[in-house]
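Novice: What follows is the file input25.txt, containing compact mmCIF, C-alpha atoms:
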```
# COMPACT_ATOMS: atom_id res chain seq x y z
CA MET A 1438 74.23 64.86 159.48
CA ASN A 1439 72.22 66.83 157.05
CA ILE A 1440 68.56 66.09 157.26
CA ILE A 1441 67.88 66.94 153.67
CA GLU A 1442 70.45 64.43 152.45
CA LEU A 1443 68.16 61.67 153.61
CA PHE A 1444 65.69 62.59 150.93
CA GLY A 1445 68.19 62.82 148.09
CA PRO A 1446 66.44 63.55 144.83
CA LEU A 1447 63.37 64.83 146.63
CA GLN A 1448 65.33 67.90 147.80
CA GLU A 1449 64.36 70.13 144.89
CA ILE A 1450 60.70 69.14 145.18
CA ILE A 1451 60.63 69.86 148.93
CA PHE A 1452 62.20 73.29 148.47
CA PHE A 1453 59.81 74.03 145.60
CA ILE A 1454 56.74 73.18 147.70
CA LEU A 1455 58.00 75.24 150.66
CA GLU A 1456 58.78 78.24 148.46
CA ILE A 1457 55.34 78.07 146.82
CA GLY A 1458 53.82 78.10 150.31
CA VAL A 1459 55.89 81.09 151.40
CA ILE A 1460 55.21 83.09 148.23
CA LEU A 1461 51.46 82.52 148.14
CA GLY A 1462 51.14 83.00 151.89
CA SER A 1463 52.96 86.32 151.94
CA LEU A 1464 50.91 87.54 148.97
CA GLY A 1465 47.79 86.60 150.92
CA VAL A 1466 49.06 88.47 154.01
CA VAL A 1467 49.58 91.68 152.08
CA LEU A 1468 46.81 91.67 149.48
CA LEU A 1469 43.69 90.28 151.15
CA SER A 1470 41.41 92.86 152.69
CA ASN A 1471 39.97 90.63 155.42
CA ILE A 1472 42.55 90.75 158.18
CA VAL A 1473 41.53 87.42 159.75
CA TYR A 1474 42.57 85.64 156.55
CA SER A 1475 45.82 87.62 156.64
CA ALA A 1476 46.56 86.39 160.16
CA PHE A 1477 46.05 82.75 159.20
CA PHE A 1478 48.14 83.15 156.02
CA LEU A 1479 50.86 84.59 158.27
CA GLY A 1480 50.74 81.35 160.26
CA LEU A 1481 51.15 79.39 157.02
CA VAL A 1482 54.19 81.50 156.07
CA PHE A 1483 55.80 80.96 159.50
CA PHE A 1484 55.21 77.21 159.30
CA CYS A 1485 56.71 76.93 155.80
CA ILE A 1486 59.73 78.98 156.89
CA SER A 1487 60.30 76.71 159.87
CA LEU A 1488 60.23 73.65 157.58
CA LEU A 1489 62.72 75.49 155.39
CA TYR A 1490 65.00 75.83 158.44
CA PHE A 1491 64.73 72.07 158.94
CA ALA A 1492 65.83 71.58 155.36
CA LEU A 1493 68.70 74.03 155.91
CA ASN A 1494 70.09 71.88 158.75
CA ALA A 1495 69.14 74.30 161.54
CA ASP A 1496 66.81 72.19 163.65
CA PHE A 1497 66.99 74.23 166.87
CA VAL A 1498 66.02 77.45 165.10
CA ALA A 1499 63.22 75.57 163.34
CA ALA A 1500 61.80 74.40 166.66
CA ALA A 1501 62.16 77.91 168.10
CA GLN A 1502 60.41 79.32 165.04
CA ILE A 1503 57.44 76.99 165.49
CA LEU A 1504 57.25 77.60 169.25
CA ILE A 1505 57.70 81.38 169.23
CA TYR A 1506 56.27 82.56 165.93
CA VAL A 1507 53.44 80.10 165.30
CA GLY A 1508 52.72 79.45 168.97
CA ALA A 1509 53.11 82.90 170.48
CA VAL A 1510 53.31 85.76 167.98
CA ASN A 1511 50.67 84.45 165.59
CA VAL A 1512 48.27 83.62 168.42
CA LEU A 1513 48.85 87.11 169.85
CA ILE A 1514 48.09 88.68 166.47
CA VAL A 1515 44.92 86.59 166.08
CA PHE A 1516 43.83 87.67 169.58
CA ALA A 1517 44.43 91.33 168.71
CA VAL A 1518 42.46 90.92 165.48
CA MET A 1519 39.56 89.31 167.32
CA LEU A 1520 39.56 92.08 169.94
CA ILE A 1521 39.84 94.92 167.47
CA ASN A 1522 38.35 93.77 164.18
CA LYS A 1523 35.55 95.74 162.64
CA PRO A 1524 33.98 94.52 159.40
CA GLU A 1525 34.98 97.23 156.96
CA SER A 1526 34.38 96.05 153.42
CA LEU A 1527 33.21 92.86 151.83
CA LYS A 1528 35.55 93.11 148.85
CA ILE A 1529 38.31 90.51 148.68
CA PHE A 1530 40.95 92.86 147.32
CA PRO A 1531 41.14 96.49 148.49
CA VAL A 1532 41.13 99.49 146.17
CA TRP A 1533 44.53 100.52 144.81
CA THR A 1534 45.50 104.17 145.01
CA VAL A 1535 48.31 106.02 143.22
CA GLY A 1536 50.61 105.74 146.24
CA ASP A 1537 50.15 101.97 146.27
CA LYS A 1538 51.20 101.74 142.62
CA ILE A 1539 54.27 103.92 143.22
CA THR A 1540 55.23 101.74 146.19
CA LEU A 1541 54.70 98.61 144.10
CA ALA A 1542 57.02 99.99 141.41
CA ILE A 1543 59.71 100.84 143.98
CA CYS A 1544 59.46 97.44 145.66
CA LEU A 1545 59.57 95.55 142.35
CA THR A 1546 62.62 97.57 141.29
CA SER A 1547 64.44 96.87 144.53
CA PHE A 1548 63.50 93.18 144.30
CA PHE A 1549 64.91 92.79 140.80
CA LEU A 1550 68.00 94.76 141.86
CA LEU A 1551 68.54 92.42 144.81
CA VAL A 1552 68.04 89.31 142.67
CA ASN A 1553 70.45 90.71 140.09
CA ILE A 1554 73.09 91.30 142.77
CA ILE A 1555 72.53 87.82 144.23
CA LEU A 1556 72.89 86.13 140.86
CA ASN A 1557 75.96 88.16 139.89
CA THR A 1558 77.91 87.50 143.07
CA SER A 1559 80.31 84.59 142.80
CA TRP A 1560 79.49 82.69 145.96
CA SER A 1561 81.91 79.86 145.17
CA ASN A 1562 84.91 82.15 145.80
CA ILE A 1563 83.60 82.96 149.28
CA THR A 1564 83.19 79.25 149.97
CA VAL A 1565 86.80 78.64 148.97
CA ILE A 1566 88.03 81.48 151.22
CA THR A 1567 86.11 80.36 154.26
CA GLU A 1568 87.05 76.72 153.89
CA SER A 1569 90.73 77.48 153.39
CA LYS A 1570 90.96 78.86 156.91
CA GLY A 1571 91.01 75.33 158.24
CA PHE A 1572 88.41 73.65 160.32
CA LEU A 1573 88.32 74.11 164.04
CA GLU A 1574 88.20 70.80 165.76
CA SER A 1575 84.78 70.88 167.29
CA ASN A 1576 83.86 68.49 170.05
CA PHE A 1577 80.19 69.13 169.62
CA THR A 1578 78.79 67.17 166.79
CA GLN A 1579 75.21 68.17 167.33
CA ASN A 1580 73.72 71.47 166.38
CA VAL A 1581 71.93 72.07 169.67
CA GLN A 1582 75.03 71.36 171.75
CA ARG A 1583 77.06 73.77 169.63
CA ILE A 1584 74.47 76.55 170.01
CA GLY A 1585 74.20 75.99 173.76
CA SER A 1586 77.93 76.10 174.32
CA LEU A 1587 78.29 79.26 172.22
CA LEU A 1588 75.39 80.94 174.03
CA LEU A 1589 76.90 80.26 177.44
CA THR A 1590 80.52 81.10 176.60
CA GLN A 1591 81.01 83.57 173.78
CA TYR A 1592 77.59 85.19 173.69
CA LEU A 1593 76.87 85.20 177.42
CA LEU A 1594 76.47 88.97 177.78
CA PRO A 1595 74.04 89.41 174.83
CA PHE A 1596 72.11 86.42 176.12
CA GLU A 1597 71.61 87.97 179.57
CA LEU A 1598 70.84 91.38 178.04
CA LEU A 1599 68.23 89.68 175.86
CA SER A 1600 66.51 88.23 178.91
CA ILE A 1601 66.38 91.71 180.48
CA VAL A 1602 64.96 93.13 177.25
CA LEU A 1603 62.25 90.45 177.19
CA LEU A 1604 61.35 91.13 180.83
CA VAL A 1605 61.14 94.89 180.25
CA ALA A 1606 59.07 94.37 177.08
CA LEU A 1607 56.57 92.09 178.81
CA ILE A 1608 56.12 94.43 181.78
CA GLY A 1609 55.81 97.40 179.41
CA ALA A 1610 53.19 95.60 177.30
CA ILE A 1611 51.14 94.84 180.42
CA VAL A 1612 51.40 98.45 181.62
CA ILE A 1613 50.39 99.86 178.23
CA ALA A 1614 47.51 97.49 177.56
CA ARG A 1615 46.00 97.53 181.05
CA ARG A 1616 42.63 99.19 181.48
CA GLU A 1617 42.67 102.24 183.71
CA ASN A 1618 38.91 102.29 184.22
CA LEU A 1619 39.16 100.42 187.52
CA ILE A 1620 40.74 103.35 189.33
CA GLU A 1621 38.20 105.78 187.89
CA THR A 1622 35.23 103.63 188.91
CA ASN A 1623 36.62 103.39 192.43
CA LYS A 1624 36.88 107.17 192.56
CA LYS A 1625 33.31 107.49 191.30
CA LYS A 1626 32.11 105.09 193.96
CA VAL A 1627 33.91 107.09 196.62
CA LEU A 1628 32.34 110.27 195.28
CA GLN A 1629 28.89 108.71 195.25
CA ILE A 1630 29.34 107.53 198.81
CA LYS A 1631 30.42 110.98 199.85
CA LYS A 1632 27.56 112.63 198.01
CA SER A 1633 24.86 110.31 199.17
CA PRO A 1634 24.57 111.48 202.81
CA THR A 1635 24.36 115.12 201.74
CA THR A 1636 21.29 114.46 199.65
CA PHE A 1637 19.36 113.03 202.47
CA MET B 1101 70.59 76.37 145.75
CA LEU B 1102 72.06 79.28 147.73
CA GLU B 1103 70.88 81.85 145.20
CA HIS B 1104 67.45 80.27 145.25
CA ILE B 1105 66.91 80.77 149.00
CA LEU B 1106 68.54 84.22 148.99
CA SER B 1107 66.08 85.23 146.26
CA LEU B 1108 63.26 83.93 148.47
CA GLY B 1109 64.55 86.14 151.29
CA ALA B 1110 64.74 89.15 148.98
CA TYR B 1111 61.17 88.50 147.81
CA LEU B 1112 59.89 88.24 151.38
CA PHE B 1113 61.72 91.45 152.36
CA CYS B 1114 60.33 93.43 149.42
CA ILE B 1115 56.76 92.26 149.91
CA GLY B 1116 57.08 93.06 153.61
CA ILE B 1117 58.23 96.60 152.81
CA PHE B 1118 55.36 96.96 150.32
CA GLY B 1119 52.77 95.83 152.85
CA LEU B 1120 54.29 97.98 155.59
CA ILE B 1121 54.00 101.11 153.46
CA THR B 1122 50.60 100.49 151.88
CA SER B 1123 48.65 98.90 154.72
CA ARG B 1124 45.97 101.01 156.37
CA ASN B 1125 45.39 98.71 159.32
CA MET B 1126 47.97 98.82 162.07
CA VAL B 1127 47.78 95.08 162.85
CA ARG B 1128 48.54 94.31 159.21
CA ALA B 1129 51.56 96.63 159.40
CA LEU B 1130 52.81 94.59 162.37
CA MET B 1131 52.32 91.37 160.37
CA CYS B 1132 54.40 92.79 157.51
CA LEU B 1133 57.11 93.74 160.03
CA GLU B 1134 57.20 90.09 161.10
CA LEU B 1135 57.60 89.11 157.42
CA ILE B 1136 60.66 91.39 157.19
CA PHE B 1137 62.17 89.82 160.33
CA ASN B 1138 61.63 86.40 158.78
CA ALA B 1139 63.39 87.46 155.58
CA VAL B 1140 66.42 88.50 157.63
CA ASN B 1141 66.32 85.20 159.51
CA ILE B 1142 66.20 83.20 156.27
CA ASN B 1143 69.31 85.00 155.02
CA LEU B 1144 71.17 84.42 158.30
CA ILE B 1145 70.33 80.70 158.40
CA THR B 1146 71.27 80.24 154.75
CA PHE B 1147 74.67 81.89 155.17
CA SER B 1148 75.27 79.95 158.37
CA ASN B 1149 74.45 76.70 156.59
CA SER B 1150 76.60 77.48 153.58
CA PHE B 1151 79.69 79.25 154.89
CA ASP B 1152 79.90 78.66 158.64
CA THR B 1153 79.14 75.02 159.21
CA GLN B 1154 81.61 74.59 162.07
CA GLN B 1155 80.32 77.32 164.36
CA ALA B 1156 76.67 78.09 163.94
CA LYS B 1157 76.93 81.83 164.60
CA GLY B 1158 74.21 82.76 162.13
CA GLU B 1159 71.75 80.57 163.99
CA ILE B 1160 72.57 82.36 167.27
CA PHE B 1161 71.91 85.72 165.65
CA ALA B 1162 68.65 84.31 164.27
CA ILE B 1163 67.64 83.26 167.80
CA PHE B 1164 68.37 86.78 169.07
CA ILE B 1165 66.30 88.26 166.25
CA ILE B 1166 63.39 85.90 167.02
CA ALA B 1167 63.40 86.97 170.68
CA ILE B 1168 63.54 90.67 169.80
CA ALA B 1169 60.71 90.17 167.29
CA ALA B 1170 58.57 88.52 169.96
CA ALA B 1171 59.13 91.47 172.32
CA GLU B 1172 58.36 93.89 169.49
CA ALA B 1173 55.11 92.09 168.64
CA ALA B 1174 53.96 92.20 172.28
CA ILE B 1175 54.73 95.92 172.63
CA GLY B 1176 53.23 96.78 169.23
CA LEU B 1177 49.96 94.96 169.86
CA ALA B 1178 49.71 96.54 173.33
CA ILE B 1179 50.09 99.98 171.74
CA VAL B 1180 47.47 99.09 169.13
CA LEU B 1181 45.04 98.02 171.87
CA ALA B 1182 45.64 101.21 173.85
CA ILE B 1183 45.11 103.45 170.81
CA TYR B 1184 42.02 101.49 169.78
CA ARG B 1185 40.58 102.06 173.25
CA ASN B 1186 41.19 105.79 173.00
CA LYS B 1187 40.35 106.59 169.36
CA ASN B 1188 38.11 103.60 168.52
CA SER B 1189 40.00 102.96 165.28
CA THR B 1190 43.08 101.12 164.04
CA ARG B 1191 43.65 103.01 160.82
CA ILE B 1192 47.22 104.22 160.54
CA ASP B 1193 46.36 107.58 158.93
CA GLN B 1194 44.15 108.55 161.87
CA PHE B 1195 46.95 108.30 164.43
CA ASN B 1196 47.82 111.95 164.78
CA LEU B 1197 48.03 112.11 168.55
CA LEU B 1198 51.61 113.36 168.56
CA LYS B 1199 51.10 116.00 165.89
CA TRP B 1200 51.15 119.57 167.17
```
Could you show the structure in this file as structure tokens?
Specialist:
Amino acid sequence: MNIIELFGPLQEIIFFILEIGVILGSLGVVLLSNIVYSAFFLGLVFFCISLLYFALNADFVAAAQILIYVGAVNVLIVFAVMLINKPESLKIFPVWTVGDKITLAICLTSFFLLVNIILNTSWSNITVITESKGFLESNFTQNVQRIGSLLLTQYLLPFELLSIVLLVALIGAIVIARRENLIETNKKKVLQIKKSPTTF
Amino acid sequence: MLEHILSLGAYLFCIGIFGLITSRNMVRALMCLELIFNAVNINLITFSNSFDTQQAKGEIFAIFIIAIAAAEAAIGLAIVLAIYRNKNSTRIDQFNLLKW
């Protein structure tokens, strides 16, 4: 059951609103000089993309996007900004150098090249090829059930490896970000205690 | 419809690359990296919705990418905090600790 089919003629309008949100939000992430605004625009972009996943009939990924990106990654970025941020300049847009203009030209060229390739590819042929293979009779009608059964049968090894990667990354992040001043202050205290009887 | 969303993914990818190259703050570079991951995810979900409706393999790859991106964000921000504590700055062009 496609969620977007419920809306019918509103489909184009919904996609248009979501795309406007994504485009303006990503422009705000890149171009604004105040990094706090950039972090909140990043949250807007993640939220619009998750609604786009809902419209594309991928509800589990949409929920994971909201939980992980908006709930974890964006909050982590906002925390890092609040810990680090120094007020640098009061201008809204930063100064553009020559390297920025060259990069802008390269990125615009690659964007128009990609759009040209996308528009020139005949996607309908690919649809005919994939649908002529015949449908597998799937017992799982729901999206979440299908993803769960694939994760625990066909993709079991990558799934377990992914959990190990997440564990290693979390432990590594704690080890890197931990303050090492505690050990030094203990050493200083020990030194002071040792020095103090000699002075008397 | 399909071309529309693929163009959106291409736009997000290009603006992520642009921000990644031109940003001077390291946290902003990490944000642009997240934008690039999201562009890849949009493409995967779109192809999964259009061509592979019986088995949602594109969605499984998107879930893997989301998990890897979360790990990458945690590691990256930890490195940024550690470097900020040492050098008292987050500008990318001042990170020359590994230069000879």
Novice: From the list A:Gln1579, A:Thr1564, A:Ser1487, A:Gln1448, which residue is nearest chain B when using all atoms listed in the file?
Specialist: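 Answer, going by the shortest atom-to-atom distance: A:Thr1564.
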Novice: Could you produce a table of the residues of chain B lying within 8 Å of chain A, with the nearest pair of atoms per residue and their separation in Å rounded to one decimal, using all atoms listed in the file, ordered by chain and increasing residue number, as CSV?
Specialist:
```
residue,atom,partner,partner_atom,distance
B:Glu1103,CA,A:Ile1555,CA,6.3
B:Leu1106,CA,A:Ile1555,CA,7.2
B:Ser1107,CA,A:Val1552,CA,5.8
B:Leu1108,CA,A:Glu1456,CA,7.2
B:Ala1110,CA,A:Phe1548,CA,6.3
B:Tyr1111,CA,A:Phe1548,CA,6.3
B:Leu1112,CA,A:Ser1463,CA,7.2
B:Cys1114,CA,A:Cys1544,CA,5.6
B:Ile1115,CA,A:Cys1544,CA,7.2
B:Gly1116,CA,A:Val1467,CA,7.8
B:Ile1117,CA,A:Cys1544,CA,7.3
B:Phe1118,CA,A:Cys1544,CA,6.2
B:Gly1119,CA,A:Val1467,CA,5.3
B:Ile1121,CA,A:Thr1540,CA,7.4
B:Thr1122,CA,A:Asp1537,CA,5.8
B:Ser1123,CA,A:Val1467,CA,7.7
B:Val1127,CA,A:Val1518,CA,7.2
B:Arg1128,CA,A:Ile1472,CA,7.0
B:Met1131,CA,A:Leu1479,CA,7.2
B:Cys1132,CA,A:Val1467,CA,7.3
B:Leu1135,CA,A:Ser1463,CA,7.7
B:Asn1138,CA,A:Ile1486,CA,7.9
B:Ile1142,CA,A:Ile1486,CA,7.7
B:Ile1145,CA,A:Tyr1490,CA,7.2
B:Thr1146,CA,A:Leu1493,CA,6.8
B:Asn1149,CA,A:Leu1493,CA,6.4
B:Ser1150,CA,A:Thr1564,CA,7.7
B:Phe1151,CA,A:Thr1564,CA,6.0
B:Asp1152,CA,A:Thr1567,CA,7.8
B:Gln1154,CA,A:Leu1573,CA,7.0
B:Gln1155,CA,A:Arg1583,CA,7.1
B:Ala1156,CA,A:Ile1584,CA,6.6
B:Lys1157,CA,A:Ile1584,CA,7.9
B:Glu1159,CA,A:Val1498,CA,6.6
B:Ile1160,CA,A:Ile1584,CA,6.7
B:Ala1162,CA,A:Val1498,CA,7.4
B:Ile1163,CA,A:Val1498,CA,6.6
B:Phe1164,CA,A:Leu1599,CA,7.4
B:Ile1166,CA,A:Gln1502,CA,7.5
B:Ala1167,CA,A:Leu1603,CA,7.5
B:Ile1168,CA,A:Leu1603,CA,7.5
B:Ala1170,CA,A:Val1510,CA,6.3
B:Ala1171,CA,A:Ala1606,CA,5.6
B:Glu1172,CA,A:Ala1606,CA,7.6
B:Ala1173,CA,A:Val1510,CA,6.6
B:Ala1174,CA,A:Ala1610,CA,6.1
B:Ile1175,CA,A:Ala1610,CA,4.9
B:Leu1177,CA,A:Ala1517,CA,6.7
B:Ala1178,CA,A:Ala1614,CA,4.9
B:Ile1179,CA,A:Ile1613,CA,6.5
B:Leu1181,CA,A:Ala1614,CA,6.2
B:Ala1182,CA,A:Ala1614,CA,5.6
B:Tyr1184,CA,A:Ile1521,CA,7.3
B:Thr1190,CA,A:Ile1521,CA,7.8
```
Novice: For the selection just defined, write its residues with C-alpha atoms to a file, as a PDB file, keeping the file's coordinate frame.
Specialist:
```pdb
ATOM      1  CA  GLU B1103      70.880  81.850 145.200  1.00  0.00           C
ATOM      2  CA  LEU B1106      68.540  84.220 148.990  1.00  0.00           C
ATOM      3  CA  SER B1107      66.080  85.230 146.260  1.00  0.00           C
ATOM      4  CA  LEU B1108      63.260  83.930 148.470  1.00  0.00           C
ATOM      5  CA  ALA B1110      64.740  89.150 148.980  1.00  0.00           C
ATOM      6  CA  TYR B1111      61.170  88.500 147.810  1.00  0.00           C
ATOM      7  CA  LEU B1112      59.890  88.240 151.380  1.00  0.00           C
ATOM      8  CA  CYS B1114      60.330  93.430 149.420  1.00  0.00           C
ATOM      9  CA  ILE B1115      56.760  92.260 149.910  1.00  0.00           C
ATOM     10  CA  GLY B1116      57.080  93.060 153.610  1.00  0.00           C
ATOM     11  CA  ILE B1117      58.230  96.600 152.810  1.00  0.00           C
ATOM     12  CA  PHE B1118      55.360  96.960 150.320  1.00  0.00           C
ATOM     13  CA  GLY B1119      52.770  95.830 152.850  1.00  0.00           C
ATOM     14  CA  ILE B1121      54.000 101.110 153.460  1.00  0.00           C
ATOM     15  CA  THR B1122      50.600 100.490 151.880  1.00  0.00           C
ATOM     16  CA  SER B1123      48.650  98.900 154.720  1.00  0.00           C
ATOM     17  CA  VAL B1127      47.780  95.080 162.850  1.00  0.00           C
ATOM     18  CA  ARG B1128      48.540  94.310 159.210  1.00  0.00           C
ATOM     19  CA  MET B1131      52.320  91.370 160.370  1.00  0.00           C
ATOM     20  CA  CYS B1132      54.400  92.790 157.510  1.00  0.00           C
ATOM     21  CA  LEU B1135      57.600  89.110 157.420  1.00  0.00           C
ATOM     22  CA  ASN B1138      61.630  86.400 158.780  1.00  0.00           C
ATOM     23  CA  ILE B1142      66.200  83.200 156.270  1.00  0.00           C
ATOM     24  CA  ILE B1145      70.330  80.700 158.400  1.00  0.00           C
ATOM     25  CA  THR B1146      71.270  80.240 154.750  1.00  0.00           C
ATOM     26  CA  ASN B1149      74.450  76.700 156.590  1.00  0.00           C
ATOM     27  CA  SER B1150      76.600  77.480 153.580  1.00  0.00           C
ATOM     28  CA  PHE B1151      79.690  79.250 154.890  1.00  0.00           C
ATOM     29  CA  ASP B1152      79.900  78.660 158.640  1.00  0.00           C
ATOM     30  CA  GLN B1154      81.610  74.590 162.070  1.00  0.00           C
ATOM     31  CA  GLN B1155      80.320  77.320 164.360  1.00  0.00           C
ATOM     32  CA  ALA B1156      76.670  78.090 163.940  1.00  0.00           C
ATOM     33  CA  LYS B1157      76.930  81.830 164.600  1.00  0.00           C
ATOM     34  CA  GLU B1159      71.750  80.570 163.990  1.00  0.00           C
ATOM     35  CA  ILE B1160      72.570  82.360 167.270  1.00  0.00           C
ATOM     36  CA  ALA B1162      68.650  84.310 164.270  1.00  0.00           C
ATOM     37  CA  ILE B1163      67.640  83.260 167.800  1.00  0.00           C
ATOM     38  CA  PHE B1164      68.370  86.780 169.070  1.00  0.00           C
ATOM     39  CA  ILE B1166      63.390  85.900 167.020  1.00  0.00           C
ATOM     40  CA  ALA B1167      63.400  86.970 170.680  1.00  0.00           C
ATOM     41  CA  ILE B1168      63.540  90.670 169.800  1.00  0.00           C
ATOM     42  CA  ALA B1170      58.570  88.520 169.960  1.00  0.00           C
ATOM     43  CA  ALA B1171      59.130  91.470 172.320  1.00  0.00           C
ATOM     44  CA  GLU B1172      58.360  93.890 169.490  1.00  0.00           C
ATOM     45  CA  ALA B1173      55.110  92.090 168.640  1.00  0.00           C
ATOM     46  CA  ALA B1174      53.960  92.200 172.280  1.00  0.00           C
ATOM     47  CA  ILE B1175      54.730  95.920 172.630  1.00  0.00           C
ATOM     48  CA  LEU B1177      49.960  94.960 169.860  1.00  0.00           C
ATOM     49  CA  ALA B1178      49.710  96.540 173.330  1.00  0.00           C
ATOM     50  CA  ILE B1179      50.090  99.980 171.740  1.00  0.00           C
ATOM     51  CA  LEU B1181      45.040  98.020 171.870  1.00  0.00           C
ATOM     52  CA  ALA B1182      45.640 101.210 173.850  1.00  0.00           C
ATOM     53  CA  TYR B1184      42.020 101.490 169.780  1.00  0.00           C
ATOM     54  CA  THR B1190      43.080 101.120 164.040  1.00  0.00           C
TER      55      THR B1190
END
```
Novice: When you count only C-alpha atoms, which of these residues is closest to B:Ala1169: B:Leu1120, B:Phe1113, B:Leu1133, B:His1104?
Specialist: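 Closest candidate: B:Leu1133.
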Novice: Enter the distance from atom CA of A:Ile1539 to atom CA of A:Phe1478, in Å, rounded to one decimal.
Specialist: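 Atom CA of A:Phe1478 lies at a distance of 25.2 Å from atom CA of A:Ile1539.
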Novice: Expressed in Å to a single decimal, how great is the separation between atom CA of A:Leu1461 and atom CA of A:Leu1481?
Specialist: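 Separating atom CA of A:Leu1461 from atom CA of A:Leu1481 is a distance of 9.4 Å.
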Novice: Could you check the closest approach to A:Gly1508 for each of A:Gly1462, A:Cys1485, A:Gly1480, A:Asn1562 and tell me which residue wins, using all atoms listed in the file?
Specialist: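 Under the stated criterion, the closest residue is A:Gly1480.
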Novice: Work out how far atom CA of A:Leu1504 is from atom CA of B:Ile1183, in Å to one decimal.
Specialist: 28.6 Å
Novice: Kindly add N, CA and C atoms to the incomplete stretch 1127-1143 of chain B and provide the output as a CSV table (one decimal), in the coordinates of the input.
Specialist:
```csv
chain,number,residue,atom,x,y,z
B,1127,VAL,N,47.4,96.5,162.6
B,1127,VAL,CA,47.8,95.1,162.8
B,1127,VAL,C,48.4,94.5,161.6
B,1128,ARG,N,47.9,94.8,160.4
B,1128,ARG,CA,48.5,94.3,159.2
B,1128,ARG,C,50.0,94.9,159.0
B,1129,ALA,N,50.2,96.1,159.5
B,1129,ALA,CA,51.6,96.6,159.4
B,1129,ALA,C,52.5,95.8,160.3
B,1130,LEU,N,52.0,95.4,161.5
B,1130,LEU,CA,52.8,94.6,162.4
B,1130,LEU,C,53.1,93.2,161.7
B,1131,MET,N,52.1,92.7,161.1
B,1131,MET,CA,52.3,91.4,160.4
B,1131,MET,C,53.4,91.5,159.3
B,1132,CYS,N,53.4,92.6,158.6
B,1132,CYS,CA,54.4,92.8,157.5
B,1132,CYS,C,55.8,93.0,158.1
B,1133,LEU,N,55.8,93.6,159.3
B,1133,LEU,CA,57.1,93.7,160.0
B,1133,LEU,C,57.7,92.4,160.4
B,1134,GLU,N,56.8,91.5,160.8
B,1134,GLU,CA,57.2,90.1,161.1
B,1134,GLU,C,57.7,89.4,159.8
B,1135,LEU,N,57.1,89.7,158.7
B,1135,LEU,CA,57.6,89.1,157.4
B,1135,LEU,C,59.0,89.6,157.2
B,1136,ILE,N,59.3,90.9,157.4
B,1136,ILE,CA,60.7,91.4,157.2
B,1136,ILE,C,61.7,90.7,158.1
B,1137,PHE,N,61.3,90.5,159.4
B,1137,PHE,CA,62.2,89.8,160.3
B,1137,PHE,C,62.5,88.4,159.8
B,1138,ASN,N,61.4,87.8,159.3
B,1138,ASN,CA,61.6,86.4,158.8
B,1138,ASN,C,62.5,86.4,157.6
B,1139,ALA,N,62.5,87.4,156.7
B,1139,ALA,CA,63.4,87.5,155.6
B,1139,ALA,C,64.8,87.5,156.1
B,1140,VAL,N,65.1,88.4,157.1
B,1140,VAL,CA,66.4,88.5,157.6
B,1140,VAL,C,66.9,87.2,158.2
B,1141,ASN,N,66.0,86.5,158.9
B,1141,ASN,CA,66.3,85.2,159.5
B,1141,ASN,C,66.7,84.2,158.5
B,1142,ILE,N,65.9,84.2,157.3
B,1142,ILE,CA,66.2,83.2,156.3
B,1142,ILE,C,67.6,83.4,155.7
B,1143,ASN,N,68.0,84.7,155.5
B,1143,ASN,CA,69.3,85.0,155.0
B,1143,ASN,C,70.4,84.5,156.0
```
